[in-house]
Amino acid sequence: MNIINSSRRNFIKTSGALALGTTLPISLVELAFADTTENFTFAYISDAHIQHISGTRFVRNWDQGLKRAVAEANLLTPKPDFVMFGGDLAQLGSKPELDHGAEIISALSHKVHYVMGEHDYYLDLGAYWEKLFGPQYHSFDHKGVHFIVLNSIRTYDDWTYKRWPTAEQRMSEMAGLDNPNGSPFMVGDEQRKWLKADLDKVAKTTPIVVFSHSPLQKIYKGWNFWTEDAEQIQALLKPFAKVSVIYGHVHQIQYNQIGNISFNSVMATAWPWPYPSTYAQAEQYLPKLTVPMNRADPFQERDATGWQFINVASGRVDLNFTLYNNSERSVIFNPKAKHPEDRAYQAESSRIPPQSHY
Amino acid sequence: MQYVWLILLASLSAALRADETKQPPAANPPPQSGIVDANHLLGLPPVPIPPDNSQTPAKIALGDKLFHDKRFSIDGTVSCSNCHDNKKGFTDNLPVSVGNKSLTGTRNAPTLINAAFYKSQFWDGREPSLEAQSKGPFVNPVEGGLANHQPILDIVRADAEYQKAFKDVFGVADQKVTMDHVSKAIASFERTLVAGNSPFDRFYFKGDKTALNEQQRRGFKLFLEQGRCVSCHIIEQNQALFTDSQFHNIGIGINAVQQGITPLVQAFLDAKSKGGDVDKIVLTDKKSSELGRFAVSDAVADIGAFKTPTLRNIALTAPYMHDGSLKTLKEVVVHYNNGGVTPAGAKVNDFLSGGIRPLNLTDAQIDDLVAFMQALTSAQYAQPTAAAAQ
Amino acid sequence: MTNKKLTQSMLMVAVLGSLAWATARADEFSAADTERWQQQFMDSVKQGRELWTSPTLGSNGVVCAQCHPNAANTHPETYPKFQKQIGKVIPLWEMINWCLRNPLEGQPLAADDPKMVAIQAYVTYERRGVKLEPGKH
């Protein structure tokens, strides 16, 4: 990812001072100053999957992924307003994993907000997580945008409380993406009630950004690219003018528009996942809009992993992905078409061979 | 085929010549017996020749002359051959090169042998071609030291031999002779500096089982498997360039700037946005030099990343790495075995390329890998005692 | 025909008849046979699935299923193929060994190791029905 936009550099040379009051060129994406909502940037790091082996040994590959994202996020120019961590900090939710992950993240020189993932939750149902990072769901406001953090990886109470003899086994069953013993993700009654009450206090014209781990859509149930009560959440968000959902969990680029809601996934720092279409034995639905990421080269360990910075412009989100040894990808909200689009590859004729997955 | 022979012979004689500007290029030198081998390209793909700069014997001879001309420097002491010496594997066997007025830079001179195959030139790939690369060192403060290329043009336009040569090769004279012509000729000459036909090539592509001894064969297996070297030092089924022409951070030099990386990056970008020249900055400022490919691409993914050099003839080109900091091949393998740090136990830098990790090689295995790398020396450059073979 | 010759030929017929009874013809197999053989294959697939999620293949706890849920993105139908950074045309099992050595930091398996066979059985089973495209990158 470039932290400099060279075409911006020409713009700067000819026009003198920059709107943001810095002598350094700014990061990608023309910021639209169309309305009174202030424009700003935040970074998003997700799906670190810190995995404990034994003693002080952790899986080096995943460790390096998170360390690198943190080091690079610290170089972002201009500085982001805050950083989101998108969930799955640990692999099996253990204290050593959460501690080790928290330690690596502590090197970030920005404020961090946290979203929970299933790999963080199912060992102790979030008890240690809350001690380290705060509430599992909450909301906050920033520069005229209302941000909501949901814990969207809950599931049926039966499965959570009665099915498994030990917490460890419950965690390990949920840890397998393709495990037939798993159970579909959901936000659940309690949070939906809370969400409704929270939204009641927000003006319909206020831009809303929802952070969740699972997609708040129904993409592929077999791998829990799924939220069981997606329609109900979407219905609660329907009355608002500008809504964006940003989710992790899928370890790949996905984006979609359902009515007034834009959906964007983020990359993982640990490893990429295949697109559901590459599983030949099941039917699934990948949003038609999505231009897939370039295929992972298994020989380059960091390929198809990464992090992203997100520009909020006029209450819409534009994602800029870092892809190691790869061309840049940006998914920008197109105000004319009213949905997110890949900046370079959206048109069928612009696709390149590495984007065909099989 | 005759034509190819002429080019090969011309280039070989040029490569072996001792002196530069005083001798006229040999028109039809005799073949050196026992060195020129019809298979000297064994293991290599065809040399890429750009459509606007075809090879001709006269152009190559002109390029050879320009390559060795010390007048193209501020104090008359520096030519390309200073740092790319045909007697030293077309490098200079120094950690960093020495230019005009004995000034030193920050980077190790890469060998020119097989440089024609790279997809970009310089350790950070800042020039896309041999032609473009050749113009840089003349005007770098610690290399040729010229303020601009004008003195070179003055010489080649006035010198009788050069006048004739440029007229013959390009059909240009006087003001029509430009740096483009100069660089094309030099690049042409450099495109003849290609060589395969090492013991490895004979073993792998010609099926000569005796070409590698047992230790080297063990080393080859490690190269492909536990050592994982082949991930970036590419070998294919019918050719081997030993480089992927990509940029990777393998943990050399970066630790010196890891602590202050944020202000360094900001200062560098600031200088660049104010019109700073990357070529000058990276060779004169050691800290900026460690930014590697980032200095060219501005991409954080490239911090501390340098181009994978070819391993062909590596036994001749010590010391190693972009800063010449590793003196022997054994030190190089140990660095990789440590997981991309020297000394062992040093902090791993945050921007380390994926794929670099501790290899758990034994001492004997490290020696095996070194032995294998010594089998990558092309027959025509093989010397009784290679410069830093260990 | 003489009596002797008649007896001989009847004996011949009897012998041949009994031989025919004792040796089955080469292309005979029953539904029960194929069901049994298919079950033995599925046992191998089952073992392959267990290995797919087993931390015993590597030394760092990583399992195949982490990057390849349901063996997706392994495209067994494209092998043998030229694998860029192995540097030559290889069959599927050599690629599996690359994964065992590298992301799993484990030991490679021999081609005829029942575990390697089981892994291949699982991978191809999850990809059944997809047409062959050997060499496809």
# chains A, B, ... in the order shown; residues from 1 in each chain; ligands from 1
call {"tool": "residues_around", "arguments": {"residues": "Ser212 of chain A", "least_positions_apart": "4", "cutoff": "6 Å", "atoms": "only C-alpha atoms", "output": "MDAnalysis selection string"}}
result
chainID A and resid 150 152 247
call {"tool": "residues_around", "arguments": {"residues": "Gln252 of chain A", "least_positions_apart": "5", "cutoff": "8 Å", "atoms": "only C-alpha atoms", "output": "PyMOL selection string"}}
result
chain A and resi 265-268+272-275+292-293+304
call {"tool": "write_last_selection", "arguments": {"atoms": "N, CA and C atoms", "output": "PDB file, in the first residue's frame"}}
result
ATOM      1  N   SER A 265     -16.058  -6.182   3.860  1.00  0.00           N
ATOM      2  CA  SER A 265     -15.252  -7.032   4.738  1.00  0.00           C
ATOM      3  C   SER A 265     -13.840  -6.470   4.790  1.00  0.00           C
ATOM      4  N   VAL A 266     -13.073  -6.924   5.776  1.00  0.00           N
ATOM      5  CA  VAL A 266     -11.673  -6.521   5.889  1.00  0.00           C
ATOM      6  C   VAL A 266     -10.775  -7.744   5.794  1.00  0.00           C
ATOM      7  N   MET A 267      -9.501  -7.513   5.493  1.00  0.00           N
ATOM      8  CA  MET A 267      -8.535  -8.602   5.363  1.00  0.00           C
ATOM      9  C   MET A 267      -8.062  -9.060   6.737  1.00  0.00           C
ATOM     10  N   ALA A 268      -7.560 -10.272   6.792  1.00  0.00           N
ATOM     11  CA  ALA A 268      -6.976 -10.802   8.024  1.00  0.00           C
ATOM     12  C   ALA A 268      -5.475 -10.578   8.011  1.00  0.00           C
ATOM     13  N   PRO A 272      -5.238 -16.013   4.515  1.00  0.00           N
ATOM     14  CA  PRO A 272      -6.419 -15.773   3.684  1.00  0.00           C
ATOM     15  C   PRO A 272      -7.321 -16.999   3.681  1.00  0.00           C
ATOM     16  N   TRP A 273      -8.626 -16.782   3.431  1.00  0.00           N
ATOM     17  CA  TRP A 273      -9.510 -17.914   3.232  1.00  0.00           C
ATOM     18  C   TRP A 273      -9.968 -17.976   1.793  1.00  0.00           C
ATOM     19  N   PRO A 274     -10.282 -19.224   1.334  1.00  0.00           N
ATOM     20  CA  PRO A 274     -10.769 -19.368  -0.035  1.00  0.00           C
ATOM     21  C   PRO A 274     -12.158 -18.739  -0.136  1.00  0.00           C
ATOM     22  N   TYR A 275     -12.547 -18.368  -1.333  1.00  0.00           N
ATOM     23  CA  TYR A 275     -13.922 -17.936  -1.555  1.00  0.00           C
ATOM     24  C   TYR A 275     -14.835 -19.158  -1.505  1.00  0.00           C
ATOM     25  N   PRO A 292     -13.276 -10.377  -6.517  1.00  0.00           N
ATOM     26  CA  PRO A 292     -12.449 -11.097  -5.547  1.00  0.00           C
ATOM     27  C   PRO A 292     -11.037 -10.522  -5.463  1.00  0.00           C
ATOM     28  N   MET A 293     -10.402 -10.763  -4.302  1.00  0.00           N
ATOM     29  CA  MET A 293      -9.004 -10.355  -4.181  1.00  0.00           C
ATOM     30  C   MET A 293      -8.152 -11.215  -5.103  1.00  0.00           C
ATOM     31  N   ALA A 304      -2.052 -12.063   0.342  1.00  0.00           N
ATOM     32  CA  ALA A 304      -3.491 -12.107   0.644  1.00  0.00           C
ATOM     33  C   ALA A 304      -3.781 -11.984   2.136  1.00  0.00           C
TER      34      ALA A 304
END
call {"tool": "interface_residues", "arguments": {"of": "chain C", "to": "chain A", "cutoff": "10 Å", "atoms": "only C-alpha atoms", "output": "JSON, numbers by chain"}}
result
{"C": [53, 59, 60, 61, 62, 63, 65, 66, 67, 68, 69, 70, 71, 72, 73, 74, 75, 83, 84, 85, 86, 98, 99, 102, 103, 104, 105, 125, 126, 127, 128, 129, 130, 137]}
call {"tool": "select_by_dssp", "arguments": {"residues": "segment 144-338 of chain A", "states": "strand (DSSP E)", "output": "ChimeraX atom specification"}}
result
/A:145-149,208-212,218-220,225-226,243-247,255-258,261-265,308-313,316-321,329-334
call {"tool": "write_last_selection", "arguments": {"atoms": "C-alpha atoms", "output": "PDB file, in the first residue's frame"}}
result
ATOM      1  CA  VAL A 145     -20.762   9.624  12.713  1.00  0.00           C
ATOM      2  CA  HIS A 146     -22.453   7.132  15.051  1.00  0.00           C
ATOM      3  CA  PHE A 147     -20.309   3.985  15.468  1.00  0.00           C
ATOM      4  CA  ILE A 148     -21.806   0.755  16.772  1.00  0.00           C
ATOM      5  CA  VAL A 149     -19.829  -2.307  17.863  1.00  0.00           C
ATOM      6  CA  ILE A 208     -23.988   5.077  10.919  1.00  0.00           C
ATOM      7  CA  VAL A 209     -21.106   2.599  10.797  1.00  0.00           C
ATOM      8  CA  VAL A 210     -21.659  -0.834  12.336  1.00  0.00           C
ATOM      9  CA  PHE A 211     -18.677  -3.011  13.240  1.00  0.00           C
ATOM     10  CA  SER A 212     -19.313  -6.700  13.621  1.00  0.00           C
ATOM     11  CA  LYS A 218     -26.211 -14.696   4.677  1.00  0.00           C
ATOM     12  CA  ILE A 219     -23.343 -15.717   2.388  1.00  0.00           C
ATOM     13  CA  TYR A 220     -22.352 -19.296   3.110  1.00  0.00           C
ATOM     14  CA  PHE A 225     -20.089 -16.551   6.582  1.00  0.00           C
ATOM     15  CA  TRP A 226     -23.527 -15.982   8.028  1.00  0.00           C
ATOM     16  CA  VAL A 243     -25.357   2.962   6.835  1.00  0.00           C
ATOM     17  CA  SER A 244     -22.141   0.997   6.438  1.00  0.00           C
ATOM     18  CA  VAL A 245     -21.385  -2.386   7.931  1.00  0.00           C
ATOM     19  CA  ILE A 246     -17.743  -3.414   8.266  1.00  0.00           C
ATOM     20  CA  TYR A 247     -17.045  -7.022   9.176  1.00  0.00           C
ATOM     21  CA  TYR A 255     -18.532  -6.020  -0.491  1.00  0.00           C
ATOM     22  CA  ASN A 256     -22.240  -5.605  -1.115  1.00  0.00           C
ATOM     23  CA  GLN A 257     -25.147  -3.182  -1.051  1.00  0.00           C
ATOM     24  CA  ILE A 258     -28.514  -4.163   0.364  1.00  0.00           C
ATOM     25  CA  ILE A 261     -26.701  -0.507   3.721  1.00  0.00           C
ATOM     26  CA  SER A 262     -23.162  -0.916   2.325  1.00  0.00           C
ATOM     27  CA  PHE A 263     -21.290  -4.002   3.485  1.00  0.00           C
ATOM     28  CA  ASN A 264     -17.489  -4.253   3.453  1.00  0.00           C
ATOM     29  CA  SER A 265     -15.252  -7.032   4.738  1.00  0.00           C
ATOM     30  CA  GLN A 308      -6.685  -1.502   5.710  1.00  0.00           C
ATOM     31  CA  PHE A 309      -7.298   2.148   6.306  1.00  0.00           C
ATOM     32  CA  ILE A 310     -10.760   3.529   5.874  1.00  0.00           C
ATOM     33  CA  ASN A 311     -11.618   7.045   4.798  1.00  0.00           C
ATOM     34  CA  VAL A 312     -14.945   8.319   5.942  1.00  0.00           C
ATOM     35  CA  ALA A 313     -16.121  10.887   3.433  1.00  0.00           C
ATOM     36  CA  ARG A 316     -19.666   6.910   3.503  1.00  0.00           C
ATOM     37  CA  VAL A 317     -16.737   4.523   3.899  1.00  0.00           C
ATOM     38  CA  ASP A 318     -13.967   3.880   1.407  1.00  0.00           C
ATOM     39  CA  LEU A 319     -11.599   1.003   2.131  1.00  0.00           C
ATOM     40  CA  ASN A 320      -7.956   0.920   1.079  1.00  0.00           C
ATOM     41  CA  PHE A 321      -6.336  -2.453   1.424  1.00  0.00           C
ATOM     42  CA  ARG A 329      -7.053  -2.512  -3.970  1.00  0.00           C
ATOM     43  CA  SER A 330      -9.540   0.149  -2.964  1.00  0.00           C
ATOM     44  CA  VAL A 331     -13.282  -0.303  -2.537  1.00  0.00           C
ATOM     45  CA  ILE A 332     -14.908   3.108  -2.775  1.00  0.00           C
ATOM     46  CA  PHE A 333     -18.524   4.082  -2.300  1.00  0.00           C
ATOM     47  CA  ASN A 334     -19.834   5.378  -5.620  1.00  0.00           C
TER      48      ASN A 334
END
call {"tool": "residues_around", "arguments": {"residues": "His110 of chain A", "least_positions_apart": "3", "cutoff": "8 Å", "atoms": "only C-alpha atoms", "output": "compact mmCIF listing (two decimals) with N, CA and C atoms, in the first residue's frame"}}
result
# COMPACT_ATOMS: atom_id res chain seq x y z
N ASN A 74 1.42 2.31 12.15
CA ASN A 74 2.08 3.44 12.83
C ASN A 74 2.69 4.42 11.84
N PRO A 80 -4.20 8.21 11.53
CA PRO A 80 -5.63 7.90 11.60
C PRO A 80 -6.20 8.38 12.93
N ASP A 81 -7.49 8.63 12.95
CA ASP A 81 -8.13 9.09 14.19
C ASP A 81 -8.15 8.00 15.25
N PHE A 82 -8.33 6.77 14.86
CA PHE A 82 -8.29 5.64 15.79
C PHE A 82 -8.10 4.37 14.98
N VAL A 83 -7.93 3.26 15.70
CA VAL A 83 -7.76 1.96 15.04
C VAL A 83 -8.85 1.04 15.56
call {"tool": "residues_around", "arguments": {"residues": "Asp363 of chain B", "least_positions_apart": "2", "cutoff": "12 Å", "atoms": "only C-alpha atoms", "output": "list in words"}}
result
Lys330, Glu331, Val333, Val334, Asn337, Leu359, Asn360, Leu361, Gln365, Ile366, Asp367, Asp368, Leu369 and Val370 of chain B
